[in-house]
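A.B. asks: Dropping in entry13.pdb, which is PDB, C-alpha atoms:
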ATOM      1  CA  MET A  11    -111.998-184.114  25.114
ATOM      2  CA  PRO A  12    -110.837-180.525  25.488
ATOM      3  CA  ASP A  13    -108.457-181.265  28.372
ATOM      4  CA  ALA A  14    -107.180-184.842  28.329
ATOM      5  CA  SER A  15    -105.231-184.186  31.539
ATOM      6  CA  GLN A  16    -108.597-184.414  33.345
ATOM      7  CA  LEU A  17    -108.922-188.065  32.338
ATOM      8  CA  GLU A  18    -107.609-190.983  34.379
ATOM      9  CA  ARG A  19    -104.249-192.298  33.234
ATOM     10  CA  THR A  20    -105.804-195.576  32.058
ATOM     11  CA  THR A  21    -108.389-193.705  29.949
ATOM     12  CA  ARG A  22    -105.653-191.656  28.296
ATOM     13  CA  GLN A  23    -103.716-194.883  27.638
ATOM     14  CA  MET A  24    -106.804-196.533  26.062
ATOM     15  CA  ALA A  25    -107.253-193.578  23.708
ATOM     16  CA  ALA A  26    -103.565-193.651  22.776
ATOM     17  CA  ALA A  27    -103.662-197.426  22.220
ATOM     18  CA  GLY A  28    -106.679-197.002  19.939
ATOM     19  CA  ARG A  29    -104.837-194.423  17.857
ATOM     20  CA  ILE A  30    -101.809-196.737  17.586
ATOM     21  CA  LEU A  31    -103.492-200.134  17.190
ATOM     22  CA  VAL A  32    -106.303-199.191  14.805
ATOM     23  CA  PRO A  33    -104.821-198.027  11.512
ATOM     24  CA  GLU A  34    -106.526-195.007   9.955
ATOM     25  CA  ARG A  35    -107.840-197.137   7.088
ATOM     26  CA  ARG A  36    -109.567-199.489   9.547
ATOM     27  CA  ALA A  37    -110.910-196.576  11.619
ATOM     28  CA  ARG A  38    -112.318-194.986   8.459
ATOM     29  CA  SER A  39    -113.959-198.290   7.485
ATOM     30  CA  LEU A  40    -115.540-198.597  10.934
ATOM     31  CA  ARG A  41    -116.842-195.026  10.778
ATOM     32  CA  GLU A  42    -118.295-195.662   7.312
ATOM     33  CA  ARG A  43    -120.074-198.829   8.507
ATOM     34  CA  ARG A  44    -121.323-197.282  11.767
ATOM     35  CA  ALA A  45    -124.650-196.112  10.315
ATOM     36  CA  ARG A  46    -125.367-199.516   8.703
ATOM     37  CA  THR A  47    -124.437-201.377  11.872
ATOM     38  CA  THR A  48    -126.569-199.078  14.014
ATOM     39  CA  ALA A  49    -129.499-199.448  11.594
ATOM     40  CA  ARG A  50    -129.192-203.242  11.720
ATOM     41  CA  ILE A  51    -129.233-203.230  15.536
ATOM     42  CA  LEU A  52    -132.063-200.704  15.691
ATOM     43  CA  GLY A  53    -134.045-202.938  13.314
ATOM     44  CA  LEU A  54    -134.504-205.315  16.237
ATOM     45  CA  TRP A  55    -137.178-202.952  17.544
ATOM     46  CA  ASP A  56    -139.410-203.764  14.574
ATOM     47  CA  ASP A  57    -140.128-207.078  16.341
ATOM     48  CA  VAL A  58    -139.606-206.506  20.072
ATOM     49  CA  ASP A  59    -140.329-203.823  22.662
ATOM     50  CA  VAL A  60    -137.622-204.605  25.217
ATOM     51  CA  LEU A  61    -134.433-206.630  25.121
ATOM     52  CA  LEU A  62    -133.411-208.351  28.368
ATOM     53  CA  THR A  63    -129.720-209.066  28.965
ATOM     54  CA  PRO A  64    -127.680-209.845  32.049
ATOM     55  CA  GLY A  65    -126.559-206.646  33.753
ATOM     56  CA  LEU A  66    -123.046-207.944  34.302
ATOM     57  CA  ALA A  67    -121.112-211.062  33.348
ATOM     58  CA  THR A  68    -120.198-211.876  36.955
ATOM     59  CA  THR A  69    -121.140-210.850  40.440
ATOM     60  CA  PRO A  70    -119.546-207.536  41.447
ATOM     61  CA  ILE A  71    -115.782-207.187  41.315
ATOM     62  CA  ALA A  72    -113.651-205.204  43.731
ATOM     63  CA  ALA A  73    -114.512-201.495  43.753
ATOM     64  CA  GLU A  74    -111.160-200.458  42.315
ATOM     65  CA  GLY A  75    -111.720-202.662  39.238
ATOM     66  CA  GLY A  76    -108.889-202.041  36.800
ATOM     67  CA  TYR A  77    -107.836-198.743  38.384
ATOM     68  CA  GLY A  78    -104.056-198.449  38.324
ATOM     69  CA  ALA A  79    -103.683-201.504  36.079
ATOM     70  CA  GLY A  80    -102.151-201.309  32.656
ATOM     71  CA  VAL A  81    -104.435-200.260  29.829
ATOM     72  CA  PHE A  82    -104.855-203.719  28.340
ATOM     73  CA  VAL A  83    -105.541-205.361  31.694
ATOM     74  CA  ALA A  84    -108.111-202.692  32.580
ATOM     75  CA  PHE A  85    -109.819-202.856  29.180
ATOM     76  CA  ASN A  86    -109.928-206.661  29.231
ATOM     77  CA  GLN A  87    -111.347-206.663  32.753
ATOM     78  CA  ALA A  88    -114.034-204.103  31.867
ATOM     79  CA  ALA A  89    -114.997-205.911  28.651
ATOM     80  CA  ARG A  90    -115.357-209.218  30.473
ATOM     81  CA  PHE A  91    -117.353-207.621  33.314
ATOM     82  CA  THR A  92    -119.787-205.533  31.228
ATOM     83  CA  PRO A  93    -120.047-207.133  27.766
ATOM     84  CA  TRP A  94    -123.737-206.259  27.167
ATOM     85  CA  THR A  95    -123.722-202.495  27.714
ATOM     86  CA  PRO A  96    -121.538-201.188  24.862
ATOM     87  CA  PHE A  97    -124.007-201.839  22.041
ATOM     88  CA  ALA A  98    -126.674-199.712  23.747
ATOM     89  CA  ASN A  99    -124.143-196.955  24.400
ATOM     90  CA  VAL A 100    -122.883-196.924  20.806
ATOM     91  CA  THR A 101    -126.351-196.965  19.224
ATOM     92  CA  GLY A 102    -127.872-194.462  21.662
ATOM     93  CA  GLN A 103    -130.533-196.808  22.935
ATOM     94  CA  PRO A 104    -131.949-196.255  26.410
ATOM     95  CA  ALA A 105    -131.161-198.957  28.936
ATOM     96  CA  VAL A 106    -131.703-199.483  32.628
ATOM     97  CA  THR A 107    -130.120-202.020  34.926
ATOM     98  CA  ILE A 108    -132.275-203.323  37.740
ATOM     99  CA  PRO A 109    -131.748-205.734  40.647
ATOM    100  CA  ALA A 110    -132.497-209.378  39.896
ATOM    101  CA  GLY A 111    -131.835-211.228  43.116
ATOM    102  CA  ILE A 112    -128.886-212.327  45.166
ATOM    103  CA  ALA A 113    -126.335-214.901  43.996
ATOM    104  CA  ALA A 114    -125.281-217.929  46.016
ATOM    105  CA  ASP A 115    -122.197-215.968  47.154
ATOM    106  CA  GLY A 116    -124.458-213.285  48.682
ATOM    107  CA  LEU A 117    -123.689-210.632  46.062
ATOM    108  CA  PRO A 118    -126.375-208.864  44.007
ATOM    109  CA  LEU A 119    -127.402-209.872  40.502
ATOM    110  CA  SER A 120    -128.895-207.580  37.872
ATOM    111  CA  VAL A 121    -130.512-207.524  34.459
ATOM    112  CA  GLN A 122    -130.406-204.834  31.815
ATOM    113  CA  LEU A 123    -133.533-203.739  29.964
ATOM    114  CA  VAL A 124    -132.830-202.112  26.593
ATOM    115  CA  GLY A 125    -135.463-200.246  24.605
ATOM    116  CA  ARG A 126    -135.867-198.536  21.283
ATOM    117  CA  VAL A 127    -134.546-195.000  20.927
ATOM    118  CA  GLY A 128    -136.865-192.593  22.731
ATOM    119  CA  ALA A 129    -138.675-195.326  24.695
ATOM    120  CA  GLU A 130    -137.399-194.516  28.161
ATOM    121  CA  ASP A 131    -141.012-194.469  29.377
ATOM    122  CA  THR A 132    -141.393-198.137  28.417
ATOM    123  CA  LEU A 133    -138.282-199.069  30.409
ATOM    124  CA  TYR A 134    -139.317-197.052  33.476
ATOM    125  CA  SER A 135    -142.822-198.547  33.363
ATOM    126  CA  LEU A 136    -141.506-202.099  33.043
ATOM    127  CA  ALA A 137    -138.962-201.565  35.830
ATOM    128  CA  ALA A 138    -141.729-200.220  38.092
ATOM    129  CA  GLN A 139    -143.953-203.208  37.317
ATOM    130  CA  LEU A 140    -141.110-205.613  38.081
ATOM    131  CA  GLU A 141    -140.344-203.829  41.338
ATOM    132  CA  GLN A 142    -143.998-203.951  42.351
ATOM    133  CA  ALA A 143    -144.189-207.680  41.566
ATOM    134  CA  ALA A 144    -140.910-208.479  43.343
ATOM    135  CA  PRO A 145    -139.820-205.573  45.588
ATOM    136  CA  TRP A 146    -136.082-205.144  45.839
ATOM    137  CA  ALA A 147    -135.650-202.075  48.055
ATOM    138  CA  ASP A 148    -134.695-204.201  51.073
ATOM    139  CA  MET A 149    -132.748-206.781  49.054
ATOM    140  CA  ARG A 150    -129.060-206.133  49.595
ATOM    141  CA  PRO A 151    -126.002-208.104  50.614
ATOM    142  CA  PRO A 152    -124.587-207.642  54.101
ATOM    143  CA  LEU A 153    -122.116-204.772  54.384
ATOM    144  CA  ALA A 154    -118.630-206.116  55.062
ATOM    145  CA  GLY A 155    -117.346-204.675  58.313
ATOM    146  CA  ALA A 156    -120.807-203.461  59.361
ATOM    147  CA  GLU A 157    -120.116-204.549  62.927
ATOM    148  CA  SER A 158    -117.233-202.087  63.259
ATOM    149  CA  LEU A 159    -119.312-199.303  61.666
ATOM    150  CA  ALA A 160    -122.071-199.829  64.218
ATOM    151  CA  ARG A 161    -119.589-199.407  67.073
ATOM    152  CA  VAL A 162    -118.255-196.140  65.635
ATOM    153  CA  SER A 163    -121.660-194.445  65.455
TER     154      SER A 163
END
Mind turning this structure into structure tokens?
C.D. replies:
Amino acid sequence: MPDASQLERTTRQMAAAGRILVPERRARSLRERRARTTARILGLWDDVDVLLTPGLATTPIAAEGGYGAGVFVAFNQAARFTPWTPFANVTGQPAVTIPAGIAADGLPLSVQLVGRVGAEDTLYSLAAQLEQAAPWADMRPPLAGAESLARVS
């Protein structure tokens, strides 16, 4: 990152914690194993076209999430909320998260579709087929405070 001052405080703290908590020897070992680990994960696509995971571990959390919290609180909260997305990010696999209904508490649910590298077309096609079979455009939870918004307009 050319100008770390442009990052949120918590992001800068996470980077600093990583430099402190992960000794150089361990970091080097992780970098050396990265290609093997990625190859092992990418080998999944020899047998499947799409991997389906939950989109999130829970229904949505407050919009501010871990903003303003200490680095370890924020990281722990993010890891518990989105445990299935990092592997796709690290390996460069395309993924799309799509609506998957409404939970008992009225909040939206989602699933993540993950594909092989370069197979975005497969994910878009599958997402379109799912939307056609079970349209979700009008499926949304009620907006909190919508009554007051209607009076303002």
A.B. asks: Take CA of Ile112 (chain A) and CA of Ala138 (chain A) and report the distance between them in Å, one decimal.
C.D. replies: 19.0 Å
A.B. asks: Please list as a compact mmCIF listing (two decimals) with C-alpha atoms, in the frame of the given file every residue within 6 Å of region 125-129 of chain A, counting all atoms listed in the file and excluding residues in the same chain fewer than 5 positions away.
C.D. replies:
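Result file is part.txt:
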# COMPACT_ATOMS: atom_id res chain seq x y z
CA TRP A 55 -137.18 -202.95 17.54
CA VAL A 60 -137.62 -204.60 25.22
CA GLN A 103 -130.53 -196.81 22.94
CA PRO A 104 -131.95 -196.26 26.41
A.B. asks: List the residues selected by the PyMOL selection byres ((chain A and resi 121) around 8) in the file shown, writing them as a PyMOL selection string.
C.D. replies: chain A and resi 62-66+107-110+119-120+122-123
A.B. asks: Could you tell me how far CA of Pro145 (chain A) sits from CA of Gly111 (chain A), in Å to one decimal place?
C.D. replies: 10.1 Å
A.B. asks: For the PyMOL selection byres ((chain A and resi 40-50) around 12), applied here, can you spell out every residue it catches as a list in words?
C.D. replies: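 When the PyMOL selection byres ((chain A and resi 40-50) around 12) is applied, the selected residues are Val32, Pro33, Glu34, Arg35, Arg36, Ala37, Arg38, Ser39, Ile51, Leu52, Gly53, Leu54, Trp55, Asp56, Phe97, Ala98, Asn99, Val100, Thr101, Gly102, Gln103, Arg126 and Val127 of chain A.
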A.B. asks: Since the input is missing atoms, can you rebuild N, CA, C and O atoms for region 13-25 of chain A and write them as a PDB file, in the frame of the given file?
C.D. replies:
ATOM      1  N   ASP A  13    -109.626-181.211  27.505  1.00  0.00           N
ATOM      2  CA  ASP A  13    -108.457-181.265  28.372  1.00  0.00           C
ATOM      3  C   ASP A  13    -108.223-182.701  28.820  1.00  0.00           C
ATOM      4  O   ASP A  13    -108.748-183.146  29.838  1.00  0.00           O
ATOM      5  N   ALA A  14    -107.432-183.426  28.047  1.00  0.00           N
ATOM      6  CA  ALA A  14    -107.180-184.842  28.329  1.00  0.00           C
ATOM      7  C   ALA A  14    -106.502-185.059  29.677  1.00  0.00           C
ATOM      8  O   ALA A  14    -106.581-186.148  30.238  1.00  0.00           O
ATOM      9  N   SER A  15    -105.888-184.030  30.239  1.00  0.00           N
ATOM     10  CA  SER A  15    -105.231-184.186  31.539  1.00  0.00           C
ATOM     11  C   SER A  15    -106.253-184.454  32.642  1.00  0.00           C
ATOM     12  O   SER A  15    -105.907-184.914  33.723  1.00  0.00           O
ATOM     13  N   GLN A  16    -107.535-184.176  32.367  1.00  0.00           N
ATOM     14  CA  GLN A  16    -108.597-184.414  33.345  1.00  0.00           C
ATOM     15  C   GLN A  16    -109.040-185.877  33.368  1.00  0.00           C
ATOM     16  O   GLN A  16    -109.802-186.272  34.240  1.00  0.00           O
ATOM     17  N   LEU A  17    -108.573-186.651  32.408  1.00  0.00           N
ATOM     18  CA  LEU A  17    -108.922-188.065  32.338  1.00  0.00           C
ATOM     19  C   LEU A  17    -107.990-188.899  33.218  1.00  0.00           C
ATOM     20  O   LEU A  17    -106.844-188.517  33.455  1.00  0.00           O
ATOM     21  N   GLU A  18    -108.476-190.061  33.653  1.00  0.00           N
ATOM     22  CA  GLU A  18    -107.609-190.983  34.379  1.00  0.00           C
ATOM     23  C   GLU A  18    -106.513-191.466  33.439  1.00  0.00           C
ATOM     24  O   GLU A  18    -106.699-191.535  32.222  1.00  0.00           O
ATOM     25  N   ARG A  19    -105.393-191.830  34.020  1.00  0.00           N
ATOM     26  CA  ARG A  19    -104.249-192.298  33.234  1.00  0.00           C
ATOM     27  C   ARG A  19    -104.650-193.456  32.319  1.00  0.00           C
ATOM     28  O   ARG A  19    -104.309-193.483  31.139  1.00  0.00           O
ATOM     29  N   THR A  20    -105.408-194.413  32.853  1.00  0.00           N
ATOM     30  CA  THR A  20    -105.804-195.576  32.058  1.00  0.00           C
ATOM     31  C   THR A  20    -106.667-195.159  30.874  1.00  0.00           C
ATOM     32  O   THR A  20    -106.531-195.696  29.777  1.00  0.00           O
ATOM     33  N   THR A  21    -107.548-194.183  31.041  1.00  0.00           N
ATOM     34  CA  THR A  21    -108.389-193.705  29.949  1.00  0.00           C
ATOM     35  C   THR A  21    -107.535-193.061  28.866  1.00  0.00           C
ATOM     36  O   THR A  21    -107.740-193.290  27.672  1.00  0.00           O
ATOM     37  N   ARG A  22    -106.559-192.265  29.278  1.00  0.00           N
ATOM     38  CA  ARG A  22    -105.653-191.656  28.296  1.00  0.00           C
ATOM     39  C   ARG A  22    -104.876-192.737  27.552  1.00  0.00           C
ATOM     40  O   ARG A  22    -104.665-192.653  26.343  1.00  0.00           O
ATOM     41  N   GLN A  23    -104.450-193.789  28.267  1.00  0.00           N
ATOM     42  CA  GLN A  23    -103.716-194.883  27.638  1.00  0.00           C
ATOM     43  C   GLN A  23    -104.597-195.638  26.640  1.00  0.00           C
ATOM     44  O   GLN A  23    -104.136-196.030  25.572  1.00  0.00           O
ATOM     45  N   MET A  24    -105.891-195.838  26.992  1.00  0.00           N
ATOM     46  CA  MET A  24    -106.804-196.533  26.062  1.00  0.00           C
ATOM     47  C   MET A  24    -106.965-195.732  24.776  1.00  0.00           C
ATOM     48  O   MET A  24    -106.962-196.301  23.678  1.00  0.00           O
ATOM     49  N   ALA A  25    -107.114-194.426  24.897  1.00  0.00           N
ATOM     50  CA  ALA A  25    -107.253-193.578  23.708  1.00  0.00           C
ATOM     51  C   ALA A  25    -105.984-193.644  22.863  1.00  0.00           C
ATOM     52  O   ALA A  25    -106.053-193.770  21.633  1.00  0.00           O
TER      53      ALA A  25
END
